[in-house]
$ cat work.pdb   # PDB, C-alpha atoms, pLDDT in the B column
ATOM      1  CA  MET A   1      23.496  -7.038  11.324  1.00 89.00           C
ATOM      2  CA  THR A   2      21.318  -9.711  12.893  1.00 95.00           C
ATOM      3  CA  LEU A   3      17.539  -9.827  12.501  1.00 97.00           C
ATOM      4  CA  GLU A   4      15.989 -11.109  15.691  1.00 97.00           C
ATOM      5  CA  ALA A   5      12.471 -12.247  16.525  1.00 97.00           C
ATOM      6  CA  ARG A   6      11.728 -12.135  20.242  1.00 97.00           C
ATOM      7  CA  GLU A   7       8.702 -14.128  21.322  1.00 96.00           C
ATOM      8  CA  LEU A   8       6.486 -12.908  18.479  1.00 97.00           C
ATOM      9  CA  SER A   9       2.771 -13.562  18.759  1.00 97.00           C
ATOM     10  CA  ILE A  10      -0.005 -12.122  16.636  1.00 96.00           C
ATOM     11  CA  ARG A  11      -3.731 -12.615  16.241  1.00 93.00           C
ATOM     12  CA  LEU A  12      -5.624 -11.736  13.083  1.00 86.00           C
ATOM     13  CA  GLY A  13      -9.296 -11.573  13.973  1.00 87.00           C
ATOM     14  CA  ASP A  14     -10.102 -14.559  16.150  1.00 88.00           C
ATOM     15  CA  VAL A  15      -7.162 -16.614  14.902  1.00 89.00           C
ATOM     16  CA  THR A  16      -3.751 -16.798  16.559  1.00 92.00           C
ATOM     17  CA  VAL A  17      -1.448 -16.788  13.534  1.00 96.00           C
ATOM     18  CA  LEU A  18       1.932 -16.793  15.303  1.00 97.00           C
ATOM     19  CA  ARG A  19       2.730 -18.126  18.758  1.00 96.00           C
ATOM     20  CA  GLN A  20       5.893 -17.160  20.638  1.00 96.00           C
ATOM     21  CA  ILE A  21       8.241 -17.217  17.636  1.00 98.00           C
ATOM     22  CA  ALA A  22      11.865 -16.683  18.640  1.00 98.00           C
ATOM     23  CA  ALA A  23      14.816 -16.784  16.257  1.00 97.00           C
ATOM     24  CA  SER A  24      18.043 -14.876  15.657  1.00 97.00           C
ATOM     25  CA  LEU A  25      18.818 -14.714  11.933  1.00 97.00           C
ATOM     26  CA  ARG A  26      22.361 -14.162  10.729  1.00 96.00           C
ATOM     27  CA  PRO A  27      23.588 -12.092   7.782  1.00 97.00           C
ATOM     28  CA  GLY A  28      25.570 -13.881   5.094  1.00 97.00           C
ATOM     29  CA  GLU A  29      23.114 -16.786   5.019  1.00 97.00           C
ATOM     30  CA  ILE A  30      20.014 -17.849   3.132  1.00 98.00           C
ATOM     31  CA  THR A  31      17.269 -18.764   5.572  1.00 98.00           C
ATOM     32  CA  ALA A  32      14.093 -20.404   4.254  1.00 98.00           C
ATOM     33  CA  ILE A  33      10.720 -20.337   5.986  1.00 98.00           C
ATOM     34  CA  CYS A  34       8.758 -23.476   5.143  1.00 98.00           C
ATOM     35  CA  GLY A  35       5.439 -24.903   6.246  1.00 97.00           C
ATOM     36  CA  PRO A  36       1.999 -25.925   5.000  1.00 96.00           C
ATOM     37  CA  ASN A  37      -0.611 -23.429   3.785  1.00 94.00           C
ATOM     38  CA  GLY A  38      -1.862 -21.343   6.689  1.00 93.00           C
ATOM     39  CA  ALA A  39       1.180 -22.019   8.855  1.00 96.00           C
ATOM     40  CA  GLY A  40       1.938 -18.292   9.278  1.00 96.00           C
ATOM     41  CA  LYS A  41       4.893 -17.964   6.899  1.00 97.00           C
ATOM     42  CA  SER A  42       3.839 -14.760   5.121  1.00 96.00           C
ATOM     43  CA  THR A  43       2.679 -13.217   8.392  1.00 96.00           C
ATOM     44  CA  LEU A  44       6.050 -13.899  10.005  1.00 97.00           C
ATOM     45  CA  LEU A  45       7.850 -12.341   7.030  1.00 97.00           C
ATOM     46  CA  SER A  46       5.648  -9.228   7.251  1.00 96.00           C
ATOM     47  CA  VAL A  47       6.282  -8.880  10.973  1.00 97.00           C
ATOM     48  CA  LEU A  48      10.048  -9.251  10.473  1.00 97.00           C
ATOM     49  CA  ALA A  49       9.904  -6.582   7.753  1.00 96.00           C
ATOM     50  CA  GLY A  50       8.198  -4.191  10.172  1.00 95.00           C
ATOM     51  CA  LEU A  51       4.984  -4.116   8.130  1.00 94.00           C
ATOM     52  CA  LEU A  52       2.837  -5.828  10.755  1.00 94.00           C
ATOM     53  CA  GLU A  53       2.987  -5.058  14.454  1.00 94.00           C
ATOM     54  CA  PRO A  54       2.932  -8.121  16.710  1.00 95.00           C
ATOM     55  CA  ASP A  55       0.548  -8.318  19.653  1.00 95.00           C
ATOM     56  CA  HIS A  56       3.432  -9.532  21.778  1.00 96.00           C
ATOM     57  CA  GLY A  57       7.205  -9.514  21.374  1.00 97.00           C
ATOM     58  CA  GLN A  58       9.419  -7.427  19.138  1.00 96.00           C
ATOM     59  CA  VAL A  59      11.735  -7.503  16.136  1.00 98.00           C
ATOM     60  CA  LEU A  60      15.296  -6.233  16.499  1.00 97.00           C
ATOM     61  CA  LEU A  61      17.544  -5.232  13.609  1.00 96.00           C
ATOM     62  CA  GLY A  62      21.144  -4.875  14.683  1.00 94.00           C
ATOM     63  CA  GLY A  63      19.926  -4.668  18.275  1.00 94.00           C
ATOM     64  CA  ILE A  64      17.481  -1.822  17.546  1.00 95.00           C
ATOM     65  CA  ALA A  65      13.707  -2.342  17.733  1.00 96.00           C
ATOM     66  CA  ILE A  66      12.482  -2.143  14.153  1.00 95.00           C
ATOM     67  CA  ALA A  67       9.239  -0.520  15.312  1.00 93.00           C
ATOM     68  CA  GLU A  68      11.268   2.440  16.589  1.00 93.00           C
ATOM     69  CA  MET A  69      13.189   2.993  13.361  1.00 95.00           C
ATOM     70  CA  ALA A  70      12.227   5.838  11.038  1.00 94.00           C
ATOM     71  CA  PRO A  71      10.374   4.452   7.984  1.00 93.00           C
ATOM     72  CA  ASN A  72      13.095   5.582   5.562  1.00 93.00           C
ATOM     73  CA  GLU A  73      15.835   3.990   7.624  1.00 94.00           C
ATOM     74  CA  ARG A  74      13.898   0.743   7.881  1.00 95.00           C
ATOM     75  CA  ALA A  75      13.313   0.804   4.102  1.00 94.00           C
ATOM     76  CA  ARG A  76      17.039   1.282   3.519  1.00 95.00           C
ATOM     77  CA  GLN A  77      17.913  -1.690   5.704  1.00 97.00           C
ATOM     78  CA  VAL A  78      15.139  -4.163   4.813  1.00 97.00           C
ATOM     79  CA  GLY A  79      14.126  -4.895   1.224  1.00 96.00           C
ATOM     80  CA  TYR A  80      10.741  -6.636   1.130  1.00 96.00           C
ATOM     81  CA  LEU A  81       9.246  -8.502  -1.820  1.00 94.00           C
ATOM     82  CA  PRO A  82       5.570  -9.462  -1.289  1.00 91.00           C
ATOM     83  CA  GLN A  83       4.037 -12.578  -2.718  1.00 84.00           C
ATOM     84  CA  HIS A  84       1.845 -10.609  -5.106  1.00 77.00           C
ATOM     85  CA  GLY A  85       3.528  -7.356  -6.119  1.00 67.00           C
ATOM     86  CA  GLU A  86       0.929  -4.854  -7.302  1.00 71.00           C
ATOM     87  CA  LEU A  87       1.839  -1.928  -9.561  1.00 78.00           C
ATOM     88  CA  ALA A  88      -0.374   1.156  -9.754  1.00 76.00           C
ATOM     89  CA  TRP A  89       0.745   2.085 -13.266  1.00 86.00           C
ATOM     90  CA  ASP A  90       2.747   0.760 -16.178  1.00 90.00           C
ATOM     91  CA  MET A  91       6.434   1.716 -16.334  1.00 94.00           C
ATOM     92  CA  SER A  92       9.715   0.467 -17.707  1.00 96.00           C
ATOM     93  CA  VAL A  93      11.692  -2.245 -15.966  1.00 96.00           C
ATOM     94  CA  ARG A  94      14.426   0.267 -15.213  1.00 97.00           C
ATOM     95  CA  HIS A  95      11.965   2.743 -13.733  1.00 96.00           C
ATOM     96  CA  LEU A  96      10.607   0.011 -11.482  1.00 96.00           C
ATOM     97  CA  ALA A  97      14.099  -0.893 -10.293  1.00 96.00           C
ATOM     98  CA  ALA A  98      14.832   2.806  -9.705  1.00 96.00           C
ATOM     99  CA  LEU A  99      11.964   2.939  -7.182  1.00 95.00           C
ATOM    100  CA  GLY A 100      14.251   0.966  -4.906  1.00 95.00           C
ATOM    101  CA  ARG A 101      16.395   4.098  -4.539  1.00 96.00           C
ATOM    102  CA  LEU A 102      13.591   6.221  -3.056  1.00 94.00           C
ATOM    103  CA  PRO A 103      14.571   5.542   0.584  1.00 94.00           C
ATOM    104  CA  HIS A 104      18.078   6.800  -0.217  1.00 95.00           C
ATOM    105  CA  GLY A 105      16.936   9.901  -2.077  1.00 93.00           C
ATOM    106  CA  ASP A 106      19.466   9.471  -4.879  1.00 93.00           C
ATOM    107  CA  ALA A 107      19.605   8.196  -8.457  1.00 88.00           C
ATOM    108  CA  GLY A 108      21.818   5.220  -7.572  1.00 93.00           C
ATOM    109  CA  GLU A 109      22.709   4.468 -11.191  1.00 95.00           C
ATOM    110  CA  LYS A 110      25.342   1.923 -10.209  1.00 95.00           C
ATOM    111  CA  GLN A 111      22.967   0.054  -7.890  1.00 96.00           C
ATOM    112  CA  ILE A 112      20.198   0.007 -10.502  1.00 97.00           C
ATOM    113  CA  GLU A 113      22.482  -1.421 -13.172  1.00 97.00           C
ATOM    114  CA  ALA A 114      23.789  -4.045 -10.758  1.00 95.00           C
ATOM    115  CA  ALA A 115      20.245  -4.994  -9.748  1.00 96.00           C
ATOM    116  CA  LEU A 116      19.120  -5.488 -13.364  1.00 96.00           C
ATOM    117  CA  GLU A 117      22.208  -7.524 -14.115  1.00 94.00           C
ATOM    118  CA  ALA A 118      21.665  -9.710 -11.041  1.00 91.00           C
ATOM    119  CA  VAL A 119      18.229 -10.809 -12.288  1.00 92.00           C
ATOM    120  CA  HIS A 120      19.275 -10.951 -15.971  1.00 92.00           C
ATOM    121  CA  LEU A 121      17.039  -8.099 -17.119  1.00 95.00           C
ATOM    122  CA  THR A 122      19.628  -5.651 -18.454  1.00 96.00           C
ATOM    123  CA  ASP A 123      18.349  -6.158 -22.012  1.00 96.00           C
ATOM    124  CA  PHE A 124      14.784  -5.553 -20.788  1.00 96.00           C
ATOM    125  CA  ALA A 125      15.562  -2.247 -19.044  1.00 96.00           C
ATOM    126  CA  TYR A 126      13.296  -0.131 -21.263  1.00 96.00           C
ATOM    127  CA  ARG A 127      10.551  -2.676 -21.794  1.00 96.00           C
ATOM    128  CA  PRO A 128       7.183  -1.745 -20.242  1.00 95.00           C
ATOM    129  CA  ILE A 129       6.248  -3.997 -17.320  1.00 93.00           C
ATOM    130  CA  SER A 130       2.928  -4.741 -19.068  1.00 92.00           C
ATOM    131  CA  THR A 131       4.782  -6.574 -21.861  1.00 94.00           C
ATOM    132  CA  LEU A 132       6.608  -8.985 -19.554  1.00 90.00           C
ATOM    133  CA  SER A 133       5.738 -12.565 -18.736  1.00 88.00           C
ATOM    134  CA  GLY A 134       4.849 -13.451 -15.165  1.00 84.00           C
ATOM    135  CA  GLY A 135       8.358 -14.732 -14.484  1.00 85.00           C
ATOM    136  CA  GLU A 136      10.004 -11.647 -16.001  1.00 90.00           C
ATOM    137  CA  ARG A 137       7.758  -9.413 -13.934  1.00 89.00           C
ATOM    138  CA  ALA A 138       8.700 -11.308 -10.774  1.00 88.00           C
ATOM    139  CA  ARG A 139      12.383 -10.761 -11.540  1.00 91.00           C
ATOM    140  CA  ALA A 140      11.791  -7.061 -12.205  1.00 93.00           C
ATOM    141  CA  LEU A 141      10.171  -6.699  -8.790  1.00 93.00           C
ATOM    142  CA  LEU A 142      13.175  -8.408  -7.229  1.00 94.00           C
ATOM    143  CA  ALA A 143      15.443  -5.941  -9.063  1.00 95.00           C
ATOM    144  CA  ARG A 144      13.658  -3.132  -7.219  1.00 96.00           C
ATOM    145  CA  VAL A 145      14.582  -4.785  -3.917  1.00 96.00           C
ATOM    146  CA  PHE A 146      18.211  -5.313  -4.969  1.00 96.00           C
ATOM    147  CA  ALA A 147      18.499  -1.677  -6.125  1.00 97.00           C
ATOM    148  CA  THR A 148      17.806  -0.537  -2.567  1.00 96.00           C
ATOM    149  CA  ASP A 149      21.046  -2.268  -1.564  1.00 95.00           C
ATOM    150  CA  PRO A 150      19.524  -3.375   1.759  1.00 97.00           C
ATOM    151  CA  ALA A 151      21.198  -5.209   4.608  1.00 97.00           C
ATOM    152  CA  TRP A 152      18.354  -7.779   4.473  1.00 98.00           C
ATOM    153  CA  VAL A 153      16.340  -9.179   1.582  1.00 97.00           C
ATOM    154  CA  LEU A 154      12.971 -10.616   2.630  1.00 98.00           C
ATOM    155  CA  ALA A 155      11.023 -12.294  -0.166  1.00 96.00           C
ATOM    156  CA  ASP A 156       7.691 -14.116  -0.068  1.00 95.00           C
ATOM    157  CA  GLU A 157       7.735 -17.009  -2.558  1.00 93.00           C
ATOM    158  CA  PRO A 158      10.065 -15.247  -5.028  1.00 92.00           C
ATOM    159  CA  LEU A 159      10.423 -18.398  -7.147  1.00 91.00           C
ATOM    160  CA  ALA A 160       6.738 -19.254  -7.549  1.00 87.00           C
ATOM    161  CA  ALA A 161       6.276 -17.699 -11.024  1.00 78.00           C
ATOM    162  CA  LEU A 162       9.625 -18.793 -12.411  1.00 86.00           C
ATOM    163  CA  ASP A 163      10.566 -21.683 -14.657  1.00 89.00           C
ATOM    164  CA  PHE A 164      13.282 -24.135 -13.646  1.00 89.00           C
ATOM    165  CA  TYR A 165      16.116 -22.165 -15.265  1.00 88.00           C
ATOM    166  CA  HIS A 166      15.154 -18.801 -13.802  1.00 87.00           C
ATOM    167  CA  GLN A 167      14.521 -20.284 -10.374  1.00 90.00           C
ATOM    168  CA  HIS A 168      18.161 -21.262 -10.255  1.00 88.00           C
ATOM    169  CA  GLU A 169      19.292 -17.927 -11.733  1.00 87.00           C
ATOM    170  CA  VAL A 170      17.423 -16.021  -9.007  1.00 89.00           C
ATOM    171  CA  LEU A 171      18.741 -18.383  -6.343  1.00 92.00           C
ATOM    172  CA  ALA A 172      22.250 -17.692  -7.629  1.00 91.00           C
ATOM    173  CA  ALA A 173      21.585 -13.938  -7.315  1.00 91.00           C
ATOM    174  CA  LEU A 174      20.301 -14.407  -3.773  1.00 94.00           C
ATOM    175  CA  ARG A 175      23.339 -16.540  -2.918  1.00 95.00           C
ATOM    176  CA  ALA A 176      25.573 -13.768  -4.268  1.00 93.00           C
ATOM    177  CA  ALA A 177      23.721 -11.264  -2.078  1.00 94.00           C
ATOM    178  CA  ALA A 178      24.344 -13.468   0.951  1.00 96.00           C
ATOM    179  CA  GLY A 179      27.986 -13.787  -0.107  1.00 95.00           C
ATOM    180  CA  GLN A 180      28.238 -10.002   0.039  1.00 94.00           C
ATOM    181  CA  GLY A 181      27.177 -10.107   3.681  1.00 95.00           C
ATOM    182  CA  ARG A 182      23.440  -9.511   3.312  1.00 96.00           C
ATOM    183  CA  GLY A 183      20.874 -11.554   5.132  1.00 97.00           C
ATOM    184  CA  VAL A 184      18.407 -13.361   2.865  1.00 98.00           C
ATOM    185  CA  LEU A 185      15.097 -14.682   4.178  1.00 98.00           C
ATOM    186  CA  LEU A 186      12.730 -16.500   1.815  1.00 97.00           C
ATOM    187  CA  VAL A 187       9.332 -18.121   2.085  1.00 97.00           C
ATOM    188  CA  LEU A 188       9.575 -21.331   0.038  1.00 96.00           C
ATOM    189  CA  HIS A 189       7.008 -24.025  -0.662  1.00 94.00           C
ATOM    190  CA  ASP A 190       9.397 -26.239  -2.621  1.00 95.00           C
ATOM    191  CA  LEU A 191      11.148 -28.297   0.048  1.00 96.00           C
ATOM    192  CA  SER A 192      13.775 -29.547  -2.398  1.00 96.00           C
ATOM    193  CA  LEU A 193      14.847 -25.975  -3.163  1.00 95.00           C
ATOM    194  CA  ALA A 194      15.033 -25.233   0.549  1.00 97.00           C
ATOM    195  CA  MET A 195      17.016 -28.415   1.188  1.00 97.00           C
ATOM    196  CA  ASN A 196      19.532 -27.730  -1.587  1.00 96.00           C
ATOM    197  CA  HIS A 197      19.937 -23.958  -1.377  1.00 96.00           C
ATOM    198  CA  ALA A 198      19.219 -22.751   2.159  1.00 97.00           C
ATOM    199  CA  ASP A 199      21.777 -22.582   4.938  1.00 97.00           C
ATOM    200  CA  ARG A 200      19.042 -22.722   7.547  1.00 98.00           C
ATOM    201  CA  VAL A 201      15.347 -23.574   7.583  1.00 98.00           C
ATOM    202  CA  LEU A 202      12.577 -22.414   9.896  1.00 98.00           C
ATOM    203  CA  VAL A 203       9.585 -24.759   9.797  1.00 98.00           C
ATOM    204  CA  LEU A 204       6.235 -23.364  10.908  1.00 98.00           C
ATOM    205  CA  ASP A 205       3.128 -25.377  11.672  1.00 97.00           C
ATOM    206  CA  LYS A 206      -0.110 -23.764  12.858  1.00 95.00           C
ATOM    207  CA  GLY A 207       1.749 -20.637  13.871  1.00 96.00           C
ATOM    208  CA  GLU A 208       4.395 -22.413  15.910  1.00 97.00           C
ATOM    209  CA  LEU A 209       8.096 -22.805  15.162  1.00 98.00           C
ATOM    210  CA  VAL A 210       8.676 -26.554  15.130  1.00 97.00           C
ATOM    211  CA  ALA A 211      12.187 -26.604  13.622  1.00 98.00           C
ATOM    212  CA  ASP A 212      15.067 -24.146  13.302  1.00 98.00           C
ATOM    213  CA  ALA A 213      18.174 -25.861  11.996  1.00 98.00           C
ATOM    214  CA  PRO A 214      20.272 -26.652   8.919  1.00 97.00           C
ATOM    215  CA  PRO A 215      18.025 -28.079   6.172  1.00 97.00           C
ATOM    216  CA  GLU A 216      19.120 -31.699   6.659  1.00 96.00           C
ATOM    217  CA  GLU A 217      17.790 -31.556  10.213  1.00 97.00           C
ATOM    218  CA  ALA A 218      14.870 -29.122   9.854  1.00 98.00           C
ATOM    219  CA  LEU A 219      13.467 -30.969   6.810  1.00 97.00           C
ATOM    220  CA  SER A 220      14.068 -34.482   8.024  1.00 96.00           C
ATOM    221  CA  GLU A 221      11.680 -37.186   6.870  1.00 96.00           C
ATOM    222  CA  GLU A 222      10.292 -37.317  10.414  1.00 96.00           C
ATOM    223  CA  THR A 223       9.559 -33.579  10.431  1.00 97.00           C
ATOM    224  CA  ILE A 224       7.912 -33.754   7.001  1.00 97.00           C
ATOM    225  CA  MET A 225       5.647 -36.522   8.264  1.00 96.00           C
ATOM    226  CA  GLN A 226       4.826 -34.563  11.413  1.00 96.00           C
ATOM    227  CA  VAL A 227       4.156 -31.209   9.724  1.00 97.00           C
ATOM    228  CA  TRP A 228       2.943 -32.029   6.184  1.00 96.00           C
ATOM    229  CA  ARG A 229       1.372 -35.372   7.177  1.00 95.00           C
ATOM    230  CA  MET A 230       2.967 -37.056   4.185  1.00 91.00           C
ATOM    231  CA  PRO A 231       5.417 -39.967   4.194  1.00 94.00           C
ATOM    232  CA  ALA A 232       8.430 -38.884   2.147  1.00 93.00           C
ATOM    233  CA  ARG A 233      12.002 -39.908   1.446  1.00 95.00           C
ATOM    234  CA  TRP A 234      15.029 -37.851   0.403  1.00 96.00           C
ATOM    235  CA  MET A 235      17.064 -39.181  -2.494  1.00 95.00           C
ATOM    236  CA  GLY A 236      20.353 -38.074  -4.034  1.00 93.00           C
ATOM    237  CA  GLU A 237      23.527 -36.448  -2.824  1.00 90.00           C
ATOM    238  CA  PRO A 238      23.816 -33.350  -0.605  1.00 88.00           C
ATOM    239  CA  GLY A 239      23.164 -30.254  -2.688  1.00 88.00           C
ATOM    240  CA  ALA A 240      21.143 -32.254  -5.241  1.00 90.00           C
ATOM    241  CA  ARG A 241      18.451 -33.843  -3.109  1.00 94.00           C
ATOM    242  CA  ALA A 242      15.023 -34.747  -4.474  1.00 93.00           C
ATOM    243  CA  LEU A 243      11.970 -35.491  -2.372  1.00 94.00           C
ATOM    244  CA  SER A 244       9.974 -38.608  -3.148  1.00 91.00           C
ATOM    245  CA  ILE A 245       6.487 -39.034  -1.729  1.00 86.00           C
ATOM    246  CA  CYS A 246       6.137 -42.596  -0.483  1.00 80.00           C
TER     247      CYS A 246
END

$ encode --input "work.pdb" --output "structure tokens"
Amino acid sequence: MTLEARELSIRLGDVTVLRQIAASLRPGEITAICGPNGAGKSTLLSVLAGLLEPDHGQVLLGGIAIAEMAPNERARQVGYLPQHGELAWDMSVRHLAALGRLPHGDAGEKQIEAALEAVHLTDFAYRPISTLSGGERARALLARVFATDPAWVLADEPLAALDFYHQHEVLAALRAAAGQGRGVLLVLHDLSLAMNHADRVLVLDKGELVADAPPEEALSEETIMQVWRMPARWMGEPGARALSIC
């Protein structure tokens, strides 16, 4: 099902954080949201997840206004991973993943096992979260989202705490999720990862959508200069591009 933003605008205090954002996101793809600090990326993700109500416009999931969906139904359809996942108490990795089944009201053993396998934490299933590294903890939180088996996975900087190897392992898991027909929407700061792994990129600048296109177009050298105010040049072949600051 499509996830659609219709003319979204929102003010937080005296600041307009998003201005007239419109986009129709397709399942089966990885879409990256990129932009400088303060561009409105995390706010847009929260609005699309139904966690923040816009001052103007609406979000539609499969043609239904997300604000009108029952909370449990919305939680079954949209899996959201915040930038800083807070846990109220210590628990095992498996217990954390099992929390993803709460909207369904079932044990979901098969989904939990698949989620742990997808993020390579099967051997850590009974380890307390408190004993994990930052990167392992980030993957455990993603397992909770996968265990929900949602139609959409929305993740705010899911690669930030990961080393090079695990970044690519998690990206492979997200690509597999997209290959199964899910929509995947990520906030990414690393433009090279967005260029090489996203099917589509939304570029935000000061709350406005300045690009919505395949990565080669959305992250062109001209757009990087305009938005990040840095001269840069792409090097390498498609799928293995590196960004050089001039």

$ resolve_selection --input "work.pdb" --expression "the PyMOL selection byres ((chain A and resi 63-75) around 8)" --output "PyMOL selection string"
chain A and resi 2+4+50+53+58-62+76-79+103-104+150

$ closest_residue --input "work.pdb" --among "A:Ile129, A:Ala115, A:Met195, A:Leu185" --to "A:Asp156" --atoms "only C-alpha atoms"
A:Leu185

$ residues_around --input "work.pdb" --residues "stretch 88-94 of chain A" --least-positions-apart "5" --cutoff "7 Å" --atoms "all atoms listed in the file" --output "ChimeraX atom specification"
/A:124-130,140

$ write_last_selection --input "work.pdb" --atoms "C-alpha atoms" --output "CSV table (one decimal), keeping the file's coordinate frame"
chain,number,residue,atom,x,y,z
A,124,PHE,CA,14.8,-5.6,-20.8
A,125,ALA,CA,15.6,-2.2,-19.0
A,126,TYR,CA,13.3,-0.1,-21.3
A,127,ARG,CA,10.6,-2.7,-21.8
A,128,PRO,CA,7.2,-1.7,-20.2
A,129,ILE,CA,6.2,-4.0,-17.3
A,130,SER,CA,2.9,-4.7,-19.1
A,140,ALA,CA,11.8,-7.1,-12.2

$ closest_residue --input "work.pdb" --among "A:Thr148, A:Asn37, A:Gln180, A:Thr131" --to "A:Gly100" --atoms "only C-alpha atoms"
A:Thr148

$ atom_distance --input "work.pdb" --atom1 "atom CA of A:Asp205" --atom2 "atom CA of A:Leu81"
22.5 Å

$ resolve_selection --input "work.pdb" --expression "the PyMOL selection byres ((chain A and resi 243) around 8)" --output "number ranges by chain"
A: 191-192, 232-235, 241-242, 244-245

$ residues_around --input "work.pdb" --residues "A:Leu171" --least-positions-apart "4" --cutoff "9 Å" --atoms "all atoms listed in the file" --output "PDB file with C-alpha atoms, keeping the file's coordinate frame"
ATOM      1  CA  LEU A 159      10.423 -18.398  -7.147  1.00 91.00           C
ATOM      2  CA  HIS A 166      15.154 -18.801 -13.802  1.00 87.00           C
ATOM      3  CA  GLN A 167      14.521 -20.284 -10.374  1.00 90.00           C
ATOM      4  CA  ARG A 175      23.339 -16.540  -2.918  1.00 95.00           C
ATOM      5  CA  ALA A 176      25.573 -13.768  -4.268  1.00 93.00           C
ATOM      6  CA  HIS A 197      19.937 -23.958  -1.377  1.00 96.00           C
TER       7      HIS A 197
END

$ residues_near_point --input "work.pdb" --point "(13.9, -29.7, 7.8)" --cutoff "9 Å" --atoms "all atoms listed in the file" --output "ChimeraX atom specification"
/A:34,191,194-195,200-203,211-224

$ atom_distance --input "work.pdb" --atom1 "atom CA of A:Ala49" --atom2 "atom CA of A:Val153"
9.3 Å
